[in-house]
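Written below as structure tokens is the structure these notes are about.
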Amino acid sequence: MRAAKGMRLTYLTLLGVAFFTALPLYFSVVVASRDNAALAQVPPPMIPGGNFFENIGRVFETVPFALAMLNSVIVSGSIAVAVMFLSTLAGFAFAKLRFRGRQALLLITVATMMVPSLLGMIPLYMLMVKLEWTGSIYALIVPGLVNAFGVFFMTQYLSRALPTELLEAGRVDGCTTWGLVWHVVFPAARPAAAVLGMLTFMNAWNDYMWPLLVLTPENPTVQVALSTLAAGYVNDYVMGLAGTALGTLPLVLVFALLGKHIIGGIMQGAVKG
Amino acid sequence: MATRAPDRPAAPPRPPGKRRRFNGRHWRYQADVKGSPYAYVAPFFLLFCAFGLFPLLYTAWVSLHEWTLLQDEHEFLGLDNFIAVVQDSYFWNATFNTLSIGFLSTAPQLLLAIWLAHLLNRPLRAQTLFRVTLLLPNVTSVVAVVVIFSQIFGRDFGLLNWVLSLFGAGEIDWRAGTGTSHIAISTMIMWRWTGYNALILLAAMQAVPRELYEAATIDGASNLTQLRKITIPMIRPTMIFVVITSTIGAMQIFAEPLLFGAYSVTGGQDRQYQTLALFIYENFARLDFGYASAISWMMFLFIIVIAGINFLLTSRTKGDLR
């Protein structure tokens, strides 16, 4: 009896939390599909209206949103692919190969994960000025190609999931190290690399401070374009939220489809860390 | 083996040739085993040094100079930038705001996350649905979160003020006050990160042996006692990880105050919610890179100190199973 009551309470609490988690997202969709006059209603509107596409149209007139979407896809996509590839290579070397300086290099990598990225941002900006990459998406892609977290994540995974015997068997069969990477490591790394790729894509898509520093409103990413909307058109909430919905929707959809794997990856990576 | 067979039959009839070839192959094998690990680490490390490590270290050098983007000559100042930072009242204001927002967002968030993880760590239906919902805010970008919550915390037509008005409260201008703006910003941070931290803690909780709970249940320990005496001590390493990463994150709060104030780099008219990251950005935007770098280093110092204190608190106080 008591246990059943406890479970009911657990469900109720969790449903309550889920409600308050989803409410702001739902409400933003409601506002995004109304006009500005509806916002002043008492009580506020609670069901979506029919103005969404009109609001979206104004978003495209106000900021270069199509270009922003394209930029975000290119930046996040190339960063995700590069991080998956380079992290798998380095993670394999750290996890399974013996070489001088391995411990020290791994230690430096892990240590920098604890250093706030803000600390290096000003010299990185000066570097971009020198390379004449400010205003261009190179300034986002090139520094994003690798990160310490990815290497740490793949090192952790490969040291667990890749049997050393399999590598030794490959060696006996005359495989070079590159042969091992191609035939053994890549197939074994695929599940973790996929999770890492999705996490990296999401982070790159949502990154805000660095793109804000190096890009211009004329050549923005989605986040920079959204912040232009939010900052410059304070009284046009409806348009701001319509743009927000459009910029967030692709990611939320991907997440809703693949959420299980992403969550699995986050939870796995965390316990080891 | 099978694929290499065509090369092999030639070897046995010619022992001398075989030996020479063996040496050549041996040399190549050695080079492969000894040298190639560096080749696999190199792409990562070269990029990492150029765009990760070098900027981190170079900030220290910049902070010791009078450094703006416009000049070519950078006068060496020694610690003058740091002395100026310490005497700058705006700096201490930003520090106070950062600590206040950091505390208001992190402390309740972690308690809530532990509790949520504890609830989810039961045989529940719709586990995946709950987890996906909890992580949705984390998928939403910071910019989107602030845009959404700016509406909710709006003075005139905000959803929250409407709800409060049902209980007879007057209109609150959330942006205007120090306390109210800090609460609004902390709410955004909490909304975005609680679920994420709950899932990480849940992962750790699932690794705790079931027998401990069974024994405790037989001994008549209540749910709350089990959480306090078993779960929390057992997941302490993960707790430390979560506390430290949350602290580092909270000390760098940037987008929330910037966009909540409709792109005001001062964080409101009276700087009532300017955080340290925003203060760095203000000086960066004035192209005073030396000064901004000095603030960055001070911020890093604070992070080390606070993360250290949190580490001690988390590892000392919470229960003693082992």
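Residues in the structure tokens are named by chain (A, B, ... in the order shown) and by number from 1 within that chain; ligands are numbered from 1 in the order shown.
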Hey, what's within 7 Å of A:Val30 if we count only C-alpha atoms and toss same-chain stuff fewer than 5 positions away? As a PDB file with C-alpha atoms, in the first residue's frame, please?
ATOM      1  CA  MET A  46      -2.584  29.558 -24.282  1.00  0.00           C
ATOM      2  CA  ILE A  47      -3.190  27.909 -27.648  1.00  0.00           C
ATOM      3  CA  PRO A  48      -1.234  28.551 -30.874  1.00  0.00           C
ATOM      4  CA  GLY A  49      -2.682  30.974 -33.404  1.00  0.00           C
TER       5      GLY A  49
END
Please identify all polymer residues within 9 Å of stretch 169-171 of chain B, counting only C-alpha atoms, omitting same-chain residues fewer than 5 positions from it, and present them as an MDAnalysis selection string.
chainID B and resid 155:156 161:164
For stretch 137-188 of chain A against stretch 86-93 of chain A, with a cut-off of 12 Å and counting only C-alpha atoms, what is the closest atom pair and its distance in Å to one decimal for every residue that makes the cut, ordered by chain and number, as a Markdown table?
| residue | atom | partner | partner_atom | distance |
| --- | --- | --- | --- | --- |
| A:Gly144 | CA | A:Leu86 | CA | 11.5 |
| A:Leu145 | CA | A:Leu86 | CA | 8.1 |
| A:Val146 | CA | A:Leu86 | CA | 6.9 |
| A:Asn147 | CA | A:Ser87 | CA | 8.0 |
| A:Ala148 | CA | A:Ser87 | CA | 8.5 |
| A:Phe149 | CA | A:Ser87 | CA | 8.8 |
| A:Gly150 | CA | A:Ser87 | CA | 5.5 |
| A:Val151 | CA | A:Ser87 | CA | 4.5 |
| A:Phe152 | CA | A:Gly91 | CA | 6.8 |
| A:Phe153 | CA | A:Gly91 | CA | 7.7 |
| A:Met154 | CA | A:Gly91 | CA | 4.9 |
| A:Thr155 | CA | A:Gly91 | CA | 4.0 |
| A:Gln156 | CA | A:Gly91 | CA | 7.7 |
| A:Tyr157 | CA | A:Gly91 | CA | 8.4 |
| A:Leu158 | CA | A:Phe92 | CA | 6.4 |
| A:Ser159 | CA | A:Phe92 | CA | 7.8 |
| A:Arg160 | CA | A:Phe92 | CA | 11.0 |
| A:Ala161 | CA | A:Phe92 | CA | 10.9 |
| A:Leu162 | CA | A:Phe92 | CA | 9.0 |
| A:Pro163 | CA | A:Phe92 | CA | 11.7 |
| A:Thr164 | CA | A:Phe92 | CA | 11.2 |
| A:Leu167 | CA | A:Phe92 | CA | 11.1 |
| A:Thr177 | CA | A:Ala93 | CA | 10.0 |
| A:Trp178 | CA | A:Leu89 | CA | 9.9 |
| A:Leu180 | CA | A:Phe92 | CA | 10.3 |
| A:Val181 | CA | A:Leu89 | CA | 7.7 |
| A:Trp182 | CA | A:Leu89 | CA | 10.2 |
| A:Val184 | CA | A:Phe92 | CA | 10.6 |
| A:Val185 | CA | A:Phe92 | CA | 7.3 |
| A:Phe186 | CA | A:Thr88 | CA | 7.6 |
| A:Pro187 | CA | A:Thr88 | CA | 10.8 |
| A:Ala188 | CA | A:Thr88 | CA | 10.2 |
Could the residues in this selection be saved with N, CA and C atoms as a compact mmCIF listing (two decimals), in the first residue's frame?
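As a result, part-v6.txt now contains:
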# COMPACT_ATOMS: atom_id res chain seq x y z
N GLY A 144 37.47 25.01 -33.94
CA GLY A 144 36.55 24.00 -33.43
C GLY A 144 36.89 22.58 -33.86
N LEU A 145 37.89 22.42 -34.76
CA LEU A 145 38.16 21.11 -35.34
C LEU A 145 38.53 20.05 -34.31
N VAL A 146 39.16 20.49 -33.24
CA VAL A 146 39.48 19.53 -32.17
C VAL A 146 39.07 20.12 -30.84
N ASN A 147 38.78 19.25 -29.88
CA ASN A 147 38.65 19.74 -28.51
C ASN A 147 39.07 18.66 -27.53
N ALA A 148 39.46 19.10 -26.36
CA ALA A 148 39.99 18.17 -25.36
C ALA A 148 38.94 17.16 -24.94
N PHE A 149 37.70 17.62 -24.83
CA PHE A 149 36.65 16.71 -24.38
C PHE A 149 36.51 15.50 -25.31
N GLY A 150 36.52 15.77 -26.62
CA GLY A 150 36.35 14.69 -27.58
C GLY A 150 37.44 13.63 -27.44
N VAL A 151 38.68 14.09 -27.31
CA VAL A 151 39.79 13.15 -27.17
C VAL A 151 39.67 12.36 -25.88
N PHE A 152 39.31 13.05 -24.81
CA PHE A 152 39.13 12.38 -23.53
C PHE A 152 38.01 11.33 -23.63
N PHE A 153 36.91 11.74 -24.23
CA PHE A 153 35.74 10.87 -24.39
C PHE A 153 36.11 9.61 -25.17
N MET A 154 36.81 9.78 -26.31
CA MET A 154 37.16 8.62 -27.12
C MET A 154 38.23 7.76 -26.45
N THR A 155 39.16 8.40 -25.73
CA THR A 155 40.17 7.62 -25.01
C THR A 155 39.49 6.71 -24.00
N GLN A 156 38.56 7.30 -23.23
CA GLN A 156 37.82 6.52 -22.24
C GLN A 156 37.10 5.34 -22.89
N TYR A 157 36.41 5.66 -23.98
CA TYR A 157 35.60 4.62 -24.60
C TYR A 157 36.47 3.51 -25.19
N LEU A 158 37.50 3.90 -25.93
CA LEU A 158 38.30 2.89 -26.62
C LEU A 158 39.10 2.04 -25.65
N SER A 159 39.54 2.62 -24.53
CA SER A 159 40.30 1.80 -23.60
C SER A 159 39.41 0.73 -22.98
N ARG A 160 38.09 0.96 -22.96
CA ARG A 160 37.17 -0.04 -22.44
C ARG A 160 36.70 -0.99 -23.54
N ALA A 161 36.31 -0.40 -24.69
CA ALA A 161 35.54 -1.16 -25.66
C ALA A 161 36.39 -1.87 -26.71
N LEU A 162 37.66 -1.52 -26.79
CA LEU A 162 38.50 -2.11 -27.84
C LEU A 162 39.42 -3.15 -27.22
N PRO A 163 39.17 -4.45 -27.49
CA PRO A 163 39.99 -5.49 -26.86
C PRO A 163 41.42 -5.46 -27.39
N THR A 164 42.37 -5.45 -26.47
CA THR A 164 43.77 -5.43 -26.87
C THR A 164 44.14 -6.68 -27.68
N LEU A 167 43.71 -6.27 -31.34
CA LEU A 167 44.79 -5.51 -31.98
C LEU A 167 46.02 -6.39 -32.17
N THR A 177 49.83 -0.26 -38.33
CA THR A 177 48.98 0.45 -37.37
C THR A 177 47.81 1.09 -38.10
N TRP A 178 48.09 1.66 -39.29
CA TRP A 178 47.01 2.28 -40.03
C TRP A 178 45.96 1.24 -40.43
N LEU A 180 45.24 -1.38 -38.70
CA LEU A 180 44.46 -1.63 -37.49
C LEU A 180 43.40 -0.54 -37.31
N VAL A 181 43.82 0.72 -37.51
CA VAL A 181 42.89 1.84 -37.34
C VAL A 181 41.70 1.64 -38.27
N TRP A 182 42.02 1.32 -39.52
CA TRP A 182 40.98 1.23 -40.53
C TRP A 182 40.04 0.05 -40.30
N VAL A 184 39.97 -2.21 -37.53
CA VAL A 184 39.55 -2.60 -36.17
C VAL A 184 39.01 -1.40 -35.38
N VAL A 185 39.80 -0.31 -35.35
CA VAL A 185 39.46 0.79 -34.46
C VAL A 185 38.20 1.52 -34.92
N PHE A 186 38.14 1.88 -36.18
CA PHE A 186 36.98 2.65 -36.65
C PHE A 186 35.66 1.90 -36.43
N PRO A 187 35.59 0.61 -36.83
CA PRO A 187 34.32 -0.10 -36.55
C PRO A 187 33.99 -0.13 -35.06
N ALA A 188 35.01 -0.35 -34.22
CA ALA A 188 34.74 -0.45 -32.78
C ALA A 188 34.32 0.90 -32.20
Taking 2 positions as the minimum chain separation for residues in the same chain, which residues sit within 12 Å of B:His118 when counting only C-alpha atoms? Answer as number ranges by chain.
A: 10, 13-14; B: 111-116, 120-124, 198-206, 208, 223-224, 226-228, 230-232, 235
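Nearest to B:Val242 of all the residues B:Thr106, B:Ile152, B:Val132, B:Ala221 is B:Thr106, based on only C-alpha atoms.
Of the residues listed (B:Ser63, B:Ser315, B:Ser141, B:Ser186), B:Ser141 shows the shortest atom-to-atom separation from chain A; distances use only C-alpha atoms.
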Selection near stretch 73-87 of chain B, 6 Å with only C-alpha atoms, sequence-local residues under 6 positions removed, as a list in words
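Near neighbours after the sequence-gap exclusion: Leu64, His65, Glu66, Trp67, Tyr291 and Ala294 of chain B.
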Dump of N, CA and C atoms for the selected residues, as a PDB file, in the first residue's frame:
ATOM      1  N   LEU B  64      49.939  41.804 -19.141  1.00  0.00           N
ATOM      2  CA  LEU B  64      51.020  42.596 -18.551  1.00  0.00           C
ATOM      3  C   LEU B  64      51.356  43.822 -19.407  1.00  0.00           C
ATOM      4  N   HIS B  65      50.538  44.084 -20.433  1.00  0.00           N
ATOM      5  CA  HIS B  65      50.846  45.172 -21.349  1.00  0.00           C
ATOM      6  C   HIS B  65      49.675  46.124 -21.503  1.00  0.00           C
ATOM      7  N   GLU B  66      50.015  47.326 -21.948  1.00  0.00           N
ATOM      8  CA  GLU B  66      49.005  48.247 -22.459  1.00  0.00           C
ATOM      9  C   GLU B  66      48.730  47.769 -23.878  1.00  0.00           C
ATOM     10  N   TRP B  67      47.592  47.160 -24.101  1.00  0.00           N
ATOM     11  CA  TRP B  67      47.406  46.451 -25.361  1.00  0.00           C
ATOM     12  C   TRP B  67      46.042  46.781 -25.958  1.00  0.00           C
ATOM     13  N   TYR B 291      43.607  45.130 -20.368  1.00  0.00           N
ATOM     14  CA  TYR B 291      42.752  45.197 -19.182  1.00  0.00           C
ATOM     15  C   TYR B 291      41.808  44.002 -19.138  1.00  0.00           C
ATOM     16  N   ALA B 294      43.567  40.946 -18.016  1.00  0.00           N
ATOM     17  CA  ALA B 294      43.819  40.937 -16.578  1.00  0.00           C
ATOM     18  C   ALA B 294      42.557  40.503 -15.824  1.00  0.00           C
TER      19      ALA B 294
END
Looking at A:Glu165, A:Asp207, A:Glu132, A:Asp35, which one is nearest to chain B, with distances taken over only C-alpha atoms?
A:Asp207
Name the residues of stretch 135-282 of chain B that come out as alpha helix (DSSP H) in a backbone DSSP run; write them as a ChimeraX atom specification.
/B:135-139,142-152,159-166,178-205,210-218,223-226,232-234,236-251,255-260,276-282
Shell of 10 Å around A:Pro43, only C-alpha atoms, local chain residues under 4 positions omitted, as a PyMOL selection string
(chain A and resi 38-39) or (chain B and resi 157+159+162-163+166)
Save out the residues we just selected, N, CA and C atoms, as a compact mmCIF listing (two decimals), in the first residue's frame.
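Full text of part_21.txt as output:
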# COMPACT_ATOMS: atom_id res chain seq x y z
N ALA A 38 -1.90 40.17 -29.39
CA ALA A 38 -2.42 39.08 -28.57
C ALA A 38 -1.66 38.97 -27.25
N LEU A 39 -0.42 39.45 -27.26
CA LEU A 39 0.39 39.34 -26.04
C LEU A 39 -0.16 40.18 -24.91
N PHE B 157 3.67 42.47 -20.09
CA PHE B 157 2.84 41.37 -20.57
C PHE B 157 3.45 40.02 -20.22
N LEU B 159 4.34 36.45 -18.67
CA LEU B 159 3.50 35.36 -18.17
C LEU B 159 3.56 35.28 -16.64
N TRP B 162 1.59 37.90 -14.84
CA TRP B 162 0.16 37.61 -14.92
C TRP B 162 -0.23 36.58 -13.86
N VAL B 163 0.60 35.49 -13.75
CA VAL B 163 0.31 34.47 -12.74
C VAL B 163 0.33 35.09 -11.34
N LEU B 166 -2.69 37.02 -10.28
CA LEU B 166 -3.83 36.22 -9.82
C LEU B 166 -3.82 36.09 -8.30
I'd like the interatomic distance between atom CA of B:Ala292 and atom CA of B:Ser100, to a tenth of an Å.
21.6 Å
Quick one: everything within 12 Å of A:Gly16, counting only C-alpha atoms, minus sequence neighbours fewer than 5 positions away in the same chain. Send it as a list in words.
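Non-adjacent residues within range: Leu9, Thr10, Tyr11, Thr21, Ala22 and Leu23 of chain A; Leu116, Phe130, Thr133 and Leu134 of chain B.
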For the selection you just gave me, I'd like the residues written to a file as a PDB file, in the first residue's frame, keeping N, CA and C atoms.
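Result file part.pdb:
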ATOM      1  N   LEU A   9       3.123   9.190  -6.023  1.00  0.00           N
ATOM      2  CA  LEU A   9       3.688  10.506  -5.713  1.00  0.00           C
ATOM      3  C   LEU A   9       4.895  10.800  -6.608  1.00  0.00           C
ATOM      4  N   THR A  10       5.723   9.772  -6.833  1.00  0.00           N
ATOM      5  CA  THR A  10       6.873   9.935  -7.717  1.00  0.00           C
ATOM      6  C   THR A  10       6.442  10.345  -9.115  1.00  0.00           C
ATOM      7  N   TYR A  11       5.431   9.620  -9.630  1.00  0.00           N
ATOM      8  CA  TYR A  11       4.942   9.961 -10.977  1.00  0.00           C
ATOM      9  C   TYR A  11       4.397  11.374 -11.024  1.00  0.00           C
ATOM     10  N   THR A  21       9.124  21.968 -17.258  1.00  0.00           N
ATOM     11  CA  THR A  21      10.215  21.956 -18.228  1.00  0.00           C
ATOM     12  C   THR A  21       9.699  22.281 -19.621  1.00  0.00           C
ATOM     13  N   ALA A  22       8.540  21.712 -19.943  1.00  0.00           N
ATOM     14  CA  ALA A  22       8.024  21.874 -21.295  1.00  0.00           C
ATOM     15  C   ALA A  22       7.268  23.187 -21.477  1.00  0.00           C
ATOM     16  N   LEU A  23       6.739  23.735 -20.376  1.00  0.00           N
ATOM     17  CA  LEU A  23       5.882  24.920 -20.478  1.00  0.00           C
ATOM     18  C   LEU A  23       6.527  26.095 -21.219  1.00  0.00           C
TER      19      LEU A  23
ATOM     20  N   LEU B 116      15.663  14.787  -8.274  1.00  0.00           N
ATOM     21  CA  LEU B 116      15.104  14.248  -9.514  1.00  0.00           C
ATOM     22  C   LEU B 116      15.766  12.932  -9.889  1.00  0.00           C
ATOM     23  N   PHE B 130      10.612  10.701 -19.760  1.00  0.00           N
ATOM     24  CA  PHE B 130      11.009  11.651 -18.712  1.00  0.00           C
ATOM     25  C   PHE B 130      12.410  12.191 -18.971  1.00  0.00           C
ATOM     26  N   THR B 133      12.493  14.622 -21.927  1.00  0.00           N
ATOM     27  CA  THR B 133      11.896  15.901 -21.546  1.00  0.00           C
ATOM     28  C   THR B 133      12.856  16.716 -20.679  1.00  0.00           C
ATOM     29  N   LEU B 134      13.511  16.036 -19.734  1.00  0.00           N
ATOM     30  CA  LEU B 134      14.408  16.752 -18.830  1.00  0.00           C
ATOM     31  C   LEU B 134      15.590  17.363 -19.573  1.00  0.00           C
TER      32      LEU B 134
END
